[in-house]
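Source file: final.cif; contents: mmCIF, C-alpha atoms.
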```cif
data_model
loop_
_atom_site.label_atom_id
_atom_site.label_comp_id
_atom_site.auth_asym_id
_atom_site.auth_seq_id
_atom_site.Cartn_x
_atom_site.Cartn_y
_atom_site.Cartn_z
CA MET A 1 28.01 44.88 -17.73
CA LYS A 2 31.31 45.64 -19.52
CA ASN A 3 29.99 43.96 -22.67
CA GLU A 4 26.83 46.11 -22.48
CA MET A 5 28.94 49.27 -22.16
CA LYS A 6 31.07 48.27 -25.15
CA SER A 7 27.90 47.49 -27.11
CA GLY A 8 26.48 50.91 -26.23
CA GLU A 9 29.70 52.69 -27.23
CA GLY A 10 29.79 50.80 -30.51
CA LEU A 11 26.18 51.73 -31.21
CA LEU A 12 26.91 55.43 -30.73
CA LYS A 13 29.63 55.08 -33.37
CA ASN A 14 26.95 53.95 -35.82
CA ARG A 15 26.51 57.23 -37.70
CA PRO A 16 23.19 56.37 -39.40
CA TYR A 17 21.69 55.42 -36.03
CA VAL A 18 23.02 58.60 -34.39
CA MET A 19 21.43 60.69 -37.16
CA LEU A 20 18.14 58.83 -36.69
CA LEU A 21 18.37 59.44 -32.94
CA THR A 22 19.07 63.14 -33.56
CA SER A 23 15.97 63.33 -35.73
CA GLN A 24 13.90 61.76 -32.94
CA LEU A 25 15.37 64.08 -30.30
CA VAL A 26 14.47 67.34 -32.00
CA SER A 27 11.04 66.15 -33.16
CA ASN A 28 10.08 64.73 -29.73
CA LEU A 29 11.10 67.92 -27.95
CA GLY A 30 9.20 69.97 -30.49
CA ASP A 31 6.08 67.84 -30.08
CA TRP A 32 5.88 68.53 -26.35
CA LEU A 33 6.44 72.23 -26.94
CA TYR A 34 3.52 72.34 -29.37
CA PHE A 35 1.22 70.14 -27.27
CA LEU A 36 1.44 72.35 -24.18
CA ALA A 37 0.94 75.50 -26.26
CA LEU A 38 -2.07 73.90 -27.97
CA LEU A 39 -3.75 73.06 -24.66
CA THR A 40 -3.09 76.58 -23.40
CA LEU A 41 -4.55 78.08 -26.57
CA ILE A 42 -7.81 76.14 -26.68
CA GLY A 43 -8.27 75.53 -22.97
CA LEU A 44 -7.33 78.87 -21.44
CA ARG A 45 -7.52 81.48 -24.18
CA TRP A 46 -10.51 80.08 -26.05
CA ASN A 47 -12.22 78.55 -22.96
CA ALA A 48 -12.98 75.30 -24.76
CA THR A 49 -15.51 72.98 -23.10
CA PRO A 50 -14.41 69.58 -21.74
CA TRP A 51 -15.96 67.87 -24.76
CA GLN A 52 -14.13 70.20 -27.14
CA ILE A 53 -10.84 69.36 -25.41
CA THR A 54 -11.72 65.66 -25.63
CA LEU A 55 -12.42 66.06 -29.34
CA THR A 56 -9.00 67.68 -29.74
CA THR A 57 -7.39 64.59 -28.22
CA LEU A 58 -9.46 62.31 -30.45
CA CYS A 59 -8.31 64.21 -33.54
CA MET A 60 -4.75 63.29 -32.58
CA LEU A 61 -5.52 59.64 -31.78
CA LEU A 62 -8.04 58.52 -34.41
CA PRO A 63 -5.65 58.59 -37.41
CA THR A 64 -3.32 56.26 -35.47
CA LEU A 65 -6.21 54.00 -34.49
CA LEU A 66 -7.61 53.74 -38.01
CA GLY A 67 -4.50 54.11 -40.14
CA GLY A 68 -1.85 52.12 -38.26
CA PRO A 69 -1.92 48.90 -40.35
CA LEU A 70 -2.16 50.85 -43.62
CA ALA A 71 0.78 53.08 -42.63
CA GLY A 72 2.70 49.95 -41.68
CA LEU A 73 2.07 48.43 -45.10
CA LEU A 74 3.32 51.64 -46.70
CA ALA A 75 6.47 51.53 -44.53
CA ASP A 76 7.18 47.99 -45.77
CA ARG A 77 6.61 48.88 -49.43
CA VAL A 78 8.23 52.33 -49.80
CA GLU A 79 11.75 53.42 -48.85
CA ARG A 80 11.46 54.29 -45.15
CA LYS A 81 13.88 57.21 -45.21
CA ARG A 82 11.84 58.90 -47.91
CA LEU A 83 8.62 58.40 -45.94
CA MET A 84 10.14 59.94 -42.80
CA ILE A 85 11.47 62.99 -44.61
CA ILE A 86 8.14 63.61 -46.38
CA SER A 87 6.35 63.20 -43.06
CA ASP A 88 8.66 65.69 -41.32
CA LEU A 89 8.31 68.33 -44.04
CA ALA A 90 4.51 67.95 -44.11
CA ARG A 91 4.31 68.29 -40.31
CA MET A 92 6.56 71.35 -40.44
CA ILE A 93 4.00 73.12 -42.62
CA LEU A 94 0.97 71.88 -40.66
CA ILE A 95 2.33 72.94 -37.25
CA LEU A 96 3.20 76.35 -38.66
CA GLY A 97 -0.46 76.60 -39.67
CA LEU A 98 -1.45 76.62 -35.98
CA VAL A 99 0.02 80.12 -35.70
CA PHE A 100 -2.77 81.43 -37.94
CA VAL A 101 -5.84 79.50 -36.69
CA THR A 102 -8.82 81.45 -35.38
CA GLU A 103 -11.47 78.72 -35.02
CA LEU A 104 -11.55 75.31 -33.35
CA TRP A 105 -12.55 73.49 -36.52
CA GLN A 106 -9.32 74.71 -38.12
CA VAL A 107 -7.37 73.20 -35.21
CA TYR A 108 -9.24 69.90 -35.60
CA LEU A 109 -8.48 69.75 -39.32
CA LEU A 110 -4.78 70.50 -38.90
CA LEU A 111 -4.46 67.95 -36.07
CA ILE A 112 -6.11 65.18 -38.10
CA VAL A 113 -3.80 65.73 -41.07
CA LYS A 114 -0.74 66.18 -38.85
CA SER A 115 -1.53 62.98 -36.92
CA SER A 116 -1.89 61.11 -40.21
CA PHE A 117 1.74 61.94 -40.98
CA ASP A 118 2.66 60.94 -37.39
CA VAL A 119 1.21 57.52 -38.19
CA ILE A 120 3.34 57.25 -41.32
CA PHE A 121 6.54 58.28 -39.52
CA SER A 122 6.40 55.86 -36.57
CA PRO A 123 6.47 52.43 -38.30
CA ALA A 124 8.98 53.76 -40.85
CA LYS A 125 11.31 54.84 -38.02
CA ASN A 126 11.04 51.50 -36.22
CA GLY A 127 11.65 49.65 -39.46
CA LYS A 128 14.70 51.80 -40.18
CA ILE A 129 16.15 50.96 -36.74
CA LYS A 130 15.84 47.30 -37.69
CA GLU A 131 17.70 48.02 -40.95
CA ILE A 132 20.67 49.96 -39.60
CA VAL A 133 21.25 48.45 -36.13
CA PRO A 134 22.84 44.99 -35.72
CA HIS A 135 20.63 42.40 -34.06
CA HIS A 136 22.76 42.16 -30.90
CA GLN A 137 22.50 45.95 -30.33
CA LEU A 138 18.71 46.29 -30.67
CA ASP A 139 18.25 46.27 -26.88
CA GLN A 140 20.56 49.28 -26.54
CA ALA A 141 19.00 51.00 -29.54
CA VAL A 142 15.48 50.77 -28.10
CA SER A 143 16.75 51.91 -24.67
CA TYR A 144 18.39 55.05 -26.11
CA SER A 145 15.21 55.81 -28.04
CA ALA A 146 13.17 55.42 -24.84
CA ILE A 147 15.52 57.76 -22.95
CA ILE A 148 14.91 60.45 -25.56
CA GLU A 149 11.16 59.87 -25.61
CA GLN A 150 10.75 60.00 -21.83
CA GLY A 151 13.32 62.74 -21.33
CA SER A 152 11.49 64.97 -23.82
CA LYS A 153 8.28 64.55 -21.78
CA ILE A 154 10.11 65.99 -18.77
CA VAL A 155 12.11 68.75 -20.47
CA GLY A 156 9.65 69.65 -23.25
CA PRO A 157 6.70 70.97 -21.19
CA ALA A 158 8.98 72.99 -18.90
CA LEU A 159 10.80 74.49 -21.87
CA GLY A 160 7.51 75.14 -23.65
CA GLY A 161 6.14 76.97 -20.61
CA MET A 162 9.22 79.19 -20.44
CA LEU A 163 9.09 80.01 -24.15
CA SER A 164 5.35 80.71 -24.09
CA SER A 165 5.74 83.03 -21.10
CA ALA A 166 8.69 84.87 -22.63
CA PHE A 167 7.71 85.05 -26.31
CA GLY A 168 4.06 84.00 -26.59
CA LEU A 169 2.29 80.81 -27.71
CA SER A 170 3.20 81.32 -31.37
CA SER A 171 6.87 80.83 -30.54
CA SER A 172 6.22 77.23 -29.47
CA PHE A 173 4.48 76.43 -32.77
CA ILE A 174 7.26 78.08 -34.79
CA ILE A 175 10.02 76.26 -32.88
CA ASN A 176 8.18 72.94 -33.33
CA SER A 177 7.94 73.65 -37.06
CA VAL A 178 11.69 74.34 -37.20
CA ALA A 179 12.30 71.14 -35.20
CA PHE A 180 10.61 69.08 -37.91
CA LEU A 181 12.81 70.77 -40.52
CA ILE A 182 15.95 69.91 -38.51
CA SER A 183 14.66 66.36 -38.14
CA ALA A 184 14.28 66.05 -41.92
CA ILE A 185 17.80 67.40 -42.45
CA ALA A 186 19.22 64.90 -39.94
CA LEU A 187 17.53 62.06 -41.81
CA ILE A 188 19.56 62.87 -44.91
CA GLY A 189 22.47 61.19 -43.12
CA VAL A 190 20.53 57.93 -42.79
CA PRO A 191 21.21 55.55 -45.70
CA THR A 192 18.48 54.08 -47.85
CA LYS A 193 18.07 50.32 -47.70
CA SER A 194 19.70 49.91 -51.12
CA LYS A 195 22.92 51.50 -49.77
CA LEU A 196 23.23 49.20 -46.76
CA THR A 197 26.03 46.66 -47.02
CA PRO A 198 24.97 43.09 -47.84
CA ALA A 199 26.54 41.92 -44.55
CA SER A 200 24.37 44.24 -42.48
CA VAL A 201 21.22 43.21 -44.33
CA GLN A 202 22.10 39.56 -43.84
CA GLU A 203 22.61 40.11 -40.09
CA GLN A 204 19.18 41.71 -39.75
CA GLU A 205 17.58 38.74 -41.49
CA GLN A 206 19.48 36.16 -39.42
CA GLY A 207 17.14 34.24 -37.14
CA THR A 208 13.95 35.43 -38.84
CA GLU A 209 14.05 33.51 -42.12
CA GLY A 210 11.21 31.18 -41.18
CA LEU A 211 8.89 33.96 -40.08
CA ALA A 212 9.80 36.07 -43.09
CA LYS A 213 8.91 33.26 -45.48
CA LYS A 214 5.67 32.62 -43.64
CA ALA A 215 4.88 36.32 -43.75
CA GLU A 216 5.55 36.57 -47.45
CA GLY A 217 3.15 33.71 -47.99
CA SER A 218 0.47 35.50 -46.00
CA GLN A 219 0.91 38.65 -48.13
CA ARG A 220 -0.34 37.02 -51.32
CA GLY A 221 -4.00 37.47 -51.92
CA GLY A 222 -4.76 41.14 -52.12
CA PHE A 223 -4.71 44.39 -50.21
CA ARG A 224 -6.79 43.27 -47.21
CA ARG A 225 -4.58 40.29 -46.52
CA GLU A 226 -1.43 42.39 -46.77
CA VAL A 227 -2.78 44.94 -44.29
CA SER A 228 -3.73 42.18 -41.83
CA ALA A 229 -0.32 40.46 -42.16
CA GLY A 230 1.03 42.36 -39.15
CA LEU A 231 -1.76 40.99 -36.96
CA LYS A 232 -1.01 37.45 -38.17
CA ILE A 233 2.66 37.84 -37.27
CA ILE A 234 1.73 39.07 -33.76
CA ALA A 235 -0.76 36.24 -33.25
CA GLY A 236 1.89 33.72 -34.32
CA ILE A 237 4.44 34.86 -31.70
CA PRO A 238 3.03 34.19 -28.19
CA LEU A 239 5.69 36.32 -26.50
CA ILE A 240 4.59 39.36 -28.51
CA PHE A 241 0.86 38.56 -28.39
CA PHE A 242 0.66 38.37 -24.59
CA GLY A 243 3.09 41.25 -24.26
CA LEU A 244 0.81 43.40 -26.41
CA LEU A 245 -2.17 42.36 -24.27
CA THR A 246 -0.35 43.57 -21.15
CA LEU A 247 0.82 46.76 -22.84
CA ALA A 248 -2.69 47.61 -24.05
CA ALA A 249 -4.14 46.97 -20.57
CA SER A 250 -1.45 49.17 -19.00
CA MET A 251 -2.18 51.90 -21.53
CA LEU A 252 -5.90 51.63 -20.75
CA VAL A 253 -5.32 52.02 -16.99
CA LEU A 254 -2.87 54.88 -17.54
CA GLN A 255 -5.41 56.72 -19.69
CA ILE A 256 -8.16 56.16 -17.12
CA ALA A 257 -5.88 57.59 -14.45
CA ASP A 258 -4.54 60.49 -16.54
CA SER A 259 -7.97 61.58 -17.75
CA GLN A 260 -9.39 61.70 -14.21
CA ILE A 261 -6.38 62.81 -12.21
CA VAL A 262 -7.70 66.35 -11.86
CA VAL A 263 -11.01 65.02 -10.50
CA LEU A 264 -9.14 62.79 -8.02
CA PHE A 265 -6.86 65.56 -6.77
CA ARG A 266 -9.45 68.30 -6.44
CA GLY A 267 -11.34 66.16 -3.92
CA ILE A 268 -8.40 66.16 -1.52
CA PRO A 269 -8.88 68.81 1.24
CA GLY A 270 -6.20 71.52 1.26
CA ILE A 271 -4.40 70.06 -1.76
CA SER A 272 -1.54 72.14 -3.16
CA GLU A 273 -2.03 73.30 -6.73
CA ASP A 274 1.56 72.28 -7.49
CA LEU A 275 1.10 68.63 -6.50
CA LEU A 276 -0.58 67.68 -9.79
CA GLY A 277 2.36 68.95 -11.84
CA TRP A 278 4.89 67.29 -9.55
CA CYS A 279 3.08 63.94 -9.76
CA ILE A 280 3.00 64.07 -13.57
CA THR A 281 6.70 64.97 -13.59
CA GLY A 282 7.40 62.15 -11.13
CA SER A 283 5.66 59.70 -13.43
CA GLY A 284 7.90 60.81 -16.30
CA VAL A 285 11.01 60.49 -14.13
CA GLY A 286 9.93 56.97 -13.14
CA THR A 287 9.58 55.93 -16.77
CA PHE A 288 12.96 57.49 -17.48
CA LEU A 289 14.53 55.44 -14.64
CA ALA A 290 12.99 52.28 -16.08
CA VAL A 291 15.64 52.37 -18.81
CA ALA A 292 18.40 51.81 -16.23
CA ILE A 293 16.34 49.27 -14.24
CA ASN A 294 15.64 47.34 -17.43
CA ARG A 295 19.39 46.96 -18.01
CA ILE A 296 20.00 45.87 -14.41
CA LEU A 297 17.32 43.20 -14.83
CA SER A 298 18.76 42.07 -18.17
CA LYS A 299 18.70 38.40 -17.08
CA TRP A 300 14.95 38.51 -16.49
CA SER A 301 12.71 37.43 -19.34
CA PRO A 302 10.65 40.17 -21.07
CA LEU A 303 7.42 38.62 -19.76
CA THR A 304 8.70 38.68 -16.19
CA LYS A 305 9.62 42.36 -16.42
CA MET A 306 6.30 43.20 -18.06
CA SER A 307 4.41 41.23 -15.39
CA PHE A 308 6.04 43.12 -12.53
CA GLY A 309 5.68 46.39 -14.45
CA GLY A 310 1.95 45.82 -14.94
CA MET A 311 1.46 44.89 -11.29
CA LEU A 312 3.41 47.98 -10.21
CA VAL A 313 1.22 50.26 -12.34
CA GLY A 314 -1.94 48.68 -10.94
CA LEU A 315 -0.83 48.69 -7.31
CA MET A 316 0.29 52.31 -7.38
CA PHE A 317 -2.91 53.66 -8.92
CA ALA A 318 -5.06 51.56 -6.58
CA GLY A 319 -2.91 52.87 -3.72
CA ALA A 320 -3.43 56.47 -4.90
CA GLY A 321 -7.20 55.89 -4.79
CA LEU A 322 -7.00 54.45 -1.28
CA LEU A 323 -4.74 57.27 -0.10
CA THR A 324 -7.15 59.99 -1.23
CA LEU A 325 -9.95 58.32 0.75
CA GLN A 326 -8.04 59.26 3.90
CA GLY A 327 -8.76 62.98 3.37
CA ALA A 328 -6.03 65.60 3.82
CA LEU A 329 -2.63 64.21 2.91
CA GLY A 330 -0.18 66.10 5.10
CA THR A 331 3.56 66.02 4.51
CA ILE A 332 3.90 62.24 4.69
CA GLY A 333 0.84 61.64 2.50
CA THR A 334 2.10 64.12 -0.11
CA GLY A 335 5.48 62.40 -0.23
CA LEU A 336 3.75 59.02 -0.49
CA MET A 337 1.57 60.24 -3.38
CA LEU A 338 4.62 61.51 -5.26
CA THR A 339 6.38 58.19 -4.69
CA MET A 340 3.35 56.27 -5.99
CA PHE A 341 3.27 58.22 -9.24
CA LEU A 342 7.03 57.80 -9.68
CA LEU A 343 6.69 54.03 -9.19
CA ALA A 344 3.70 53.95 -11.55
CA GLY A 345 5.90 55.56 -14.21
CA LEU A 346 8.60 53.01 -13.46
CA GLY A 347 6.07 50.20 -13.91
CA ALA A 348 4.92 51.68 -17.22
CA GLY A 349 8.54 51.76 -18.42
CA LEU A 350 9.11 48.15 -17.37
CA THR A 351 6.08 47.24 -19.47
CA PHE A 352 6.86 49.35 -22.52
CA ILE A 353 10.63 48.94 -22.98
CA PRO A 354 10.90 45.10 -22.84
CA PHE A 355 7.97 44.86 -25.24
CA GLN A 356 9.59 47.24 -27.73
CA VAL A 357 12.87 45.33 -27.56
CA THR A 358 11.07 42.00 -28.07
CA LEU A 359 9.12 43.46 -30.98
CA GLN A 360 12.29 44.65 -32.71
CA GLN A 361 14.17 41.40 -32.12
CA ARG A 362 11.43 39.01 -33.16
CA THR A 363 9.82 40.81 -36.10
CA PRO A 364 11.12 40.03 -39.63
CA GLU A 365 12.58 43.20 -41.14
CA ALA A 366 10.27 42.96 -44.17
CA MET A 367 7.24 43.00 -41.83
CA THR A 368 8.39 45.60 -39.29
CA GLY A 369 6.18 48.38 -40.62
CA ARG A 370 2.97 46.35 -40.55
CA VAL A 371 3.68 44.88 -37.13
CA PHE A 372 4.46 48.26 -35.55
CA GLY A 373 1.48 49.80 -37.35
CA THR A 374 -0.82 47.17 -35.87
CA VAL A 375 0.66 47.70 -32.40
CA SER A 376 0.08 51.46 -32.76
CA SER A 377 -3.56 50.85 -33.63
CA VAL A 378 -4.07 48.59 -30.60
CA THR A 379 -2.44 51.01 -28.16
CA SER A 380 -4.32 53.94 -29.72
CA ALA A 381 -7.58 52.04 -29.20
CA ALA A 382 -6.67 51.71 -25.51
CA ALA A 383 -5.84 55.43 -25.43
CA VAL A 384 -9.28 56.28 -26.86
CA ILE A 385 -11.26 53.82 -24.72
CA GLY A 386 -9.40 54.71 -21.50
CA PRO A 387 -10.78 58.25 -21.02
CA LEU A 388 -14.29 57.01 -21.88
CA CYS A 389 -14.02 54.24 -19.30
CA GLY A 390 -12.56 56.70 -16.82
CA GLY A 391 -15.44 59.12 -17.29
CA TYR A 392 -17.97 56.31 -16.87
CA LEU A 393 -16.33 54.86 -13.75
CA VAL A 394 -15.97 58.27 -12.08
CA THR A 395 -19.57 59.18 -12.91
CA MET A 396 -20.91 55.88 -11.53
CA PHE A 397 -18.64 55.31 -8.52
CA GLY A 398 -16.47 58.39 -7.94
CA PRO A 399 -12.74 58.94 -8.64
CA GLU A 400 -11.35 56.92 -5.72
CA PRO A 401 -13.25 53.67 -6.54
CA ALA A 402 -12.40 54.18 -10.23
CA TYR A 403 -8.69 54.24 -9.40
CA ILE A 404 -8.97 51.29 -7.02
CA LEU A 405 -11.01 49.17 -9.46
CA SER A 406 -8.91 49.83 -12.58
CA GLY A 407 -5.65 49.51 -10.62
CA GLY A 408 -6.80 46.27 -9.01
CA LEU A 409 -7.73 44.71 -12.36
CA MET A 410 -4.34 45.71 -13.81
CA THR A 411 -2.60 44.11 -10.84
CA LEU A 412 -4.51 40.87 -11.38
CA LEU A 413 -3.61 40.83 -15.08
CA GLY A 414 0.09 41.34 -14.30
CA LEU A 415 -0.07 38.56 -11.70
CA ALA A 416 -1.78 36.20 -14.17
CA LEU A 417 0.92 36.91 -16.77
CA LEU A 418 3.60 36.15 -14.17
CA LEU A 419 1.97 32.86 -13.14
CA PHE A 420 1.46 31.65 -16.72
CA ARG A 421 4.72 32.95 -18.23
CA LYS A 422 6.32 29.50 -18.50
CA PRO A 423 3.48 27.96 -20.59
CA ILE A 424 3.53 31.09 -22.76
CA ILE A 425 7.29 30.81 -23.29
CA GLU A 426 6.95 27.10 -24.10
CA ARG A 427 4.35 27.93 -26.75
CA ASP A 428 6.67 30.62 -28.04
CA GLN A 429 9.53 28.14 -28.35
CA ALA A 430 7.25 25.74 -30.21
CA ALA A 431 6.33 28.55 -32.62
CA LEU A 432 10.04 29.22 -33.18
CA GLN A 433 10.69 25.60 -34.03
CA THR A 434 7.69 25.45 -36.35
CA ALA A 435 8.96 28.53 -38.19
CA GLY A 436 12.40 26.94 -38.48
CA LEU A 437 14.19 29.54 -36.40
CA GLN A 438 17.40 28.90 -34.55
CA GLU A 439 17.41 29.66 -30.84
CA ASP A 440 19.64 32.61 -30.03
CA SER A 441 20.77 34.29 -26.82
CA PHE A 442 17.57 36.30 -26.64
CA THR A 443 15.24 33.31 -26.75
CA SER A 444 17.45 31.47 -24.26
CA ALA A 445 17.16 34.39 -21.85
CA ALA A 446 13.39 34.35 -22.23
CA MET A 447 13.30 31.02 -20.46
CA ASN A 448 14.77 32.49 -17.26
#
```
Once more with this new file: its structure as structure tokens, please.
Amino acid sequence: MKNEMKSGEGLLKNRPYVMLLTSQLVSNLGDWLYFLALLTLIGLRWNATPWQITLTTLCMLLPTLLGGPLAGLLADRVERKRLMIISDLARMILILGLVFVTELWQVYLLLIVKSSFDVIFSPAKNGKIKEIVPHHQLDQAVSYSAIIEQGSKIVGPALGGMLSSAFGLSSSFIINSVAFLISAIALIGVPTKSKLTPASVQEQEQGTEGLAKKAEGSQRGGFRREVSAGLKIIAGIPLIFFGLLTLAASMLVLQIADSQIVVLFRGIPGISEDLLGWCITGSGVGTFLAVAINRILSKWSPLTKMSFGGMLVGLMFAGAGLLTLQGALGTIGTGLMLTMFLLAGLGAGLTFIPFQVTLQQRTPEAMTGRVFGTVSSVTSAAAVIGPLCGGYLVTMFGPEPAYILSGGLMTLLGLALLLFRKPIIERDQAALQTAGLQEDSFTSAAMN
């Protein structure tokens, strides 16, 4: 534990990383300010239909789904700092445009373009972390990033609601626009790759030479092969491949649950209107707590943590479906529902964080953009399919069976991953040896 604390303190002395973290902090907070204001604008002021609200969500997700691998290729070919700054400045202008919209089609257009720059920013940021953070501190670096991401989901909506009430919806859009400007300014303090010391570059490449050479070989042969190189890297690392499968399934179940939570809650007799907001907040708190739990369980392999995380997500949502079948909740039932959503958020964090750490540690720096771009496309596909599956299941069987069925299947997948983790890790070790990699402390821990 003392070594982890020293590692964390040393990481916070890494000025380029701190500036990158500052950029993420202001942009993440701004995003949640703008998102809540956007839903209020189109849903309450403009009385948008459910399909129009769904289309709004799709406008934000489709660029990630379709453009992830291409954005990843760009992040591996162009200086990542430059890409992030351009993306921030473009999003600053686009978000400011929401102040002047008068029709839904204008919102759709701005969201599509804005989300396209979101796609460019994400793999570039993850690749830059790989450049500026030493290999042995990647676990801490991903954890700090997750704290900011989850903390902004808790603080952002509350802050956005206060600002909208006090100064109007336009204030949220303006503040978000300013946040992107501050993010771009913070990124000026992050060095370009050419200014990194040779020692730091060498440390990032240590342990990934075999995969890097294999990846470079797969890049020759044209644009299509280069774009698909990220998928080939993922398929060649069993630990990442099965981790991504679990992450995508968890994302699918979470989207099914999130898209139908209003339908589930409104069927509970005498339900408090505040319970929905408290459950969503509890889920965010649970994911936030997963950062600390992940450190406590540092001796567990990533697959073990992801297995238990997936099972926890499934069990809690299935339990929420069963609980609502009982009718009125009462004080005990309300407390139990809140606890279930908090634990579901904890399970989601135990799935997401170990996967992100594994992805950073095992991906060659030269391929980081394409790998993260491919992962973004897969998770975005789950985010798009989830609400559609949720709508179908609720229409056919009702909200309670939909929660029980999707949660039960997620539990079974997590259990299967737990039971077969040793064969998966053995295949992963074989892949390491084939690629000519040396076993390090991370791969040794994966065997536990």
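Around Arg82 in chain A, within 12 Å and counting all atoms listed in the file, the residues found are Leu74, Ala75, Asp88, Leu89, Ile120, Phe121, Ala124, Lys125, Lys128, Ala184, Ile185, Leu187, Ile188, Gly189, Val190, Pro191, Thr192 and Lys193 of chain A, once anything fewer than 6 positions away on its own chain is removed.
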- Residues selected by the PyMOL selection byres ((chain A and resi 333-338) around 10), written as a PyMOL selection string: chain A and resi 271-272+275-276+278-283+316-317+319-321+323-324+326-332+339-344
What would the file look like if the residues just selected were written as a PDB file, in the frame of the given file with C-alpha atoms?
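Output file again.pdb follows:
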```
ATOM      1  CA  ILE A 271      -4.400  70.060  -1.760  1.00  0.00           C
ATOM      2  CA  SER A 272      -1.540  72.140  -3.160  1.00  0.00           C
ATOM      3  CA  LEU A 275       1.100  68.630  -6.500  1.00  0.00           C
ATOM      4  CA  LEU A 276      -0.580  67.680  -9.790  1.00  0.00           C
ATOM      5  CA  TRP A 278       4.890  67.290  -9.550  1.00  0.00           C
ATOM      6  CA  CYS A 279       3.080  63.940  -9.760  1.00  0.00           C
ATOM      7  CA  ILE A 280       3.000  64.070 -13.570  1.00  0.00           C
ATOM      8  CA  THR A 281       6.700  64.970 -13.590  1.00  0.00           C
ATOM      9  CA  GLY A 282       7.400  62.150 -11.130  1.00  0.00           C
ATOM     10  CA  SER A 283       5.660  59.700 -13.430  1.00  0.00           C
ATOM     11  CA  MET A 316       0.290  52.310  -7.380  1.00  0.00           C
ATOM     12  CA  PHE A 317      -2.910  53.660  -8.920  1.00  0.00           C
ATOM     13  CA  GLY A 319      -2.910  52.870  -3.720  1.00  0.00           C
ATOM     14  CA  ALA A 320      -3.430  56.470  -4.900  1.00  0.00           C
ATOM     15  CA  GLY A 321      -7.200  55.890  -4.790  1.00  0.00           C
ATOM     16  CA  LEU A 323      -4.740  57.270  -0.100  1.00  0.00           C
ATOM     17  CA  THR A 324      -7.150  59.990  -1.230  1.00  0.00           C
ATOM     18  CA  GLN A 326      -8.040  59.260   3.900  1.00  0.00           C
ATOM     19  CA  GLY A 327      -8.760  62.980   3.370  1.00  0.00           C
ATOM     20  CA  ALA A 328      -6.030  65.600   3.820  1.00  0.00           C
ATOM     21  CA  LEU A 329      -2.630  64.210   2.910  1.00  0.00           C
ATOM     22  CA  GLY A 330      -0.180  66.100   5.100  1.00  0.00           C
ATOM     23  CA  THR A 331       3.560  66.020   4.510  1.00  0.00           C
ATOM     24  CA  ILE A 332       3.900  62.240   4.690  1.00  0.00           C
ATOM     25  CA  THR A 339       6.380  58.190  -4.690  1.00  0.00           C
ATOM     26  CA  MET A 340       3.350  56.270  -5.990  1.00  0.00           C
ATOM     27  CA  PHE A 341       3.270  58.220  -9.240  1.00  0.00           C
ATOM     28  CA  LEU A 342       7.030  57.800  -9.680  1.00  0.00           C
ATOM     29  CA  LEU A 343       6.690  54.030  -9.190  1.00  0.00           C
ATOM     30  CA  ALA A 344       3.700  53.950 -11.550  1.00  0.00           C
TER      31      ALA A 344
END
```
- Would you list the residues near (-10.6, 46.3, -9.1), meaning any protein, DNA or RNA residue with an atom at most 12 Å from that point in file coordinates, counting all atoms listed in the file, as number ranges by chain? A: 253, 314-315, 317-319, 321-322, 393, 400-413
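What separates CA of Gly310 in chain A from CA of Gly347 in chain A is a distance of 6.1 Å.
One finds CA of Leu252 in chain A at 12.6 Å from CA of Gly391 in chain A.
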- Message: Running the PyMOL selection byres ((chain A and resi 96) around 9) on this model by hand, what would come out? Give it as a ChimeraX atom specification.
- Response: /A:91-95,97-100,170,173-178
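The space separating CA of Thr22 in chain A from CA of Ala179 in chain A comes to 10.6 Å.
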- Message: When the PyMOL selection byres ((chain A and resi 76) around 8) is applied to the structure above, which residues does it catch, written out as an NGL selection string?
- Response: :A and (72-75 or 77-80 or 124 or 127 or 366-370)
- Val263 in chain A surroundings by only C-alpha atoms, 9 Å radius, close-in-sequence under 5 positions cut, as a ChimeraX atom specification: /A:394,398-399
- Message: Applying 10 Å and all atoms listed in the file, which residues near Ser376 in chain A remain after dropping the ones on its own chain fewer than 4 positions away? List them as a ChimeraX atom specification.
- Response: /A:61,64-69,72,119,122-123,248,370-372,380-382
- Task: Considering all atoms listed in the file, state which residue in the set A:Ile86, A:Leu104, A:Leu244, A:Ile129 is at the smallest distance from Thr379 in chain A.
- Result: A:Leu244
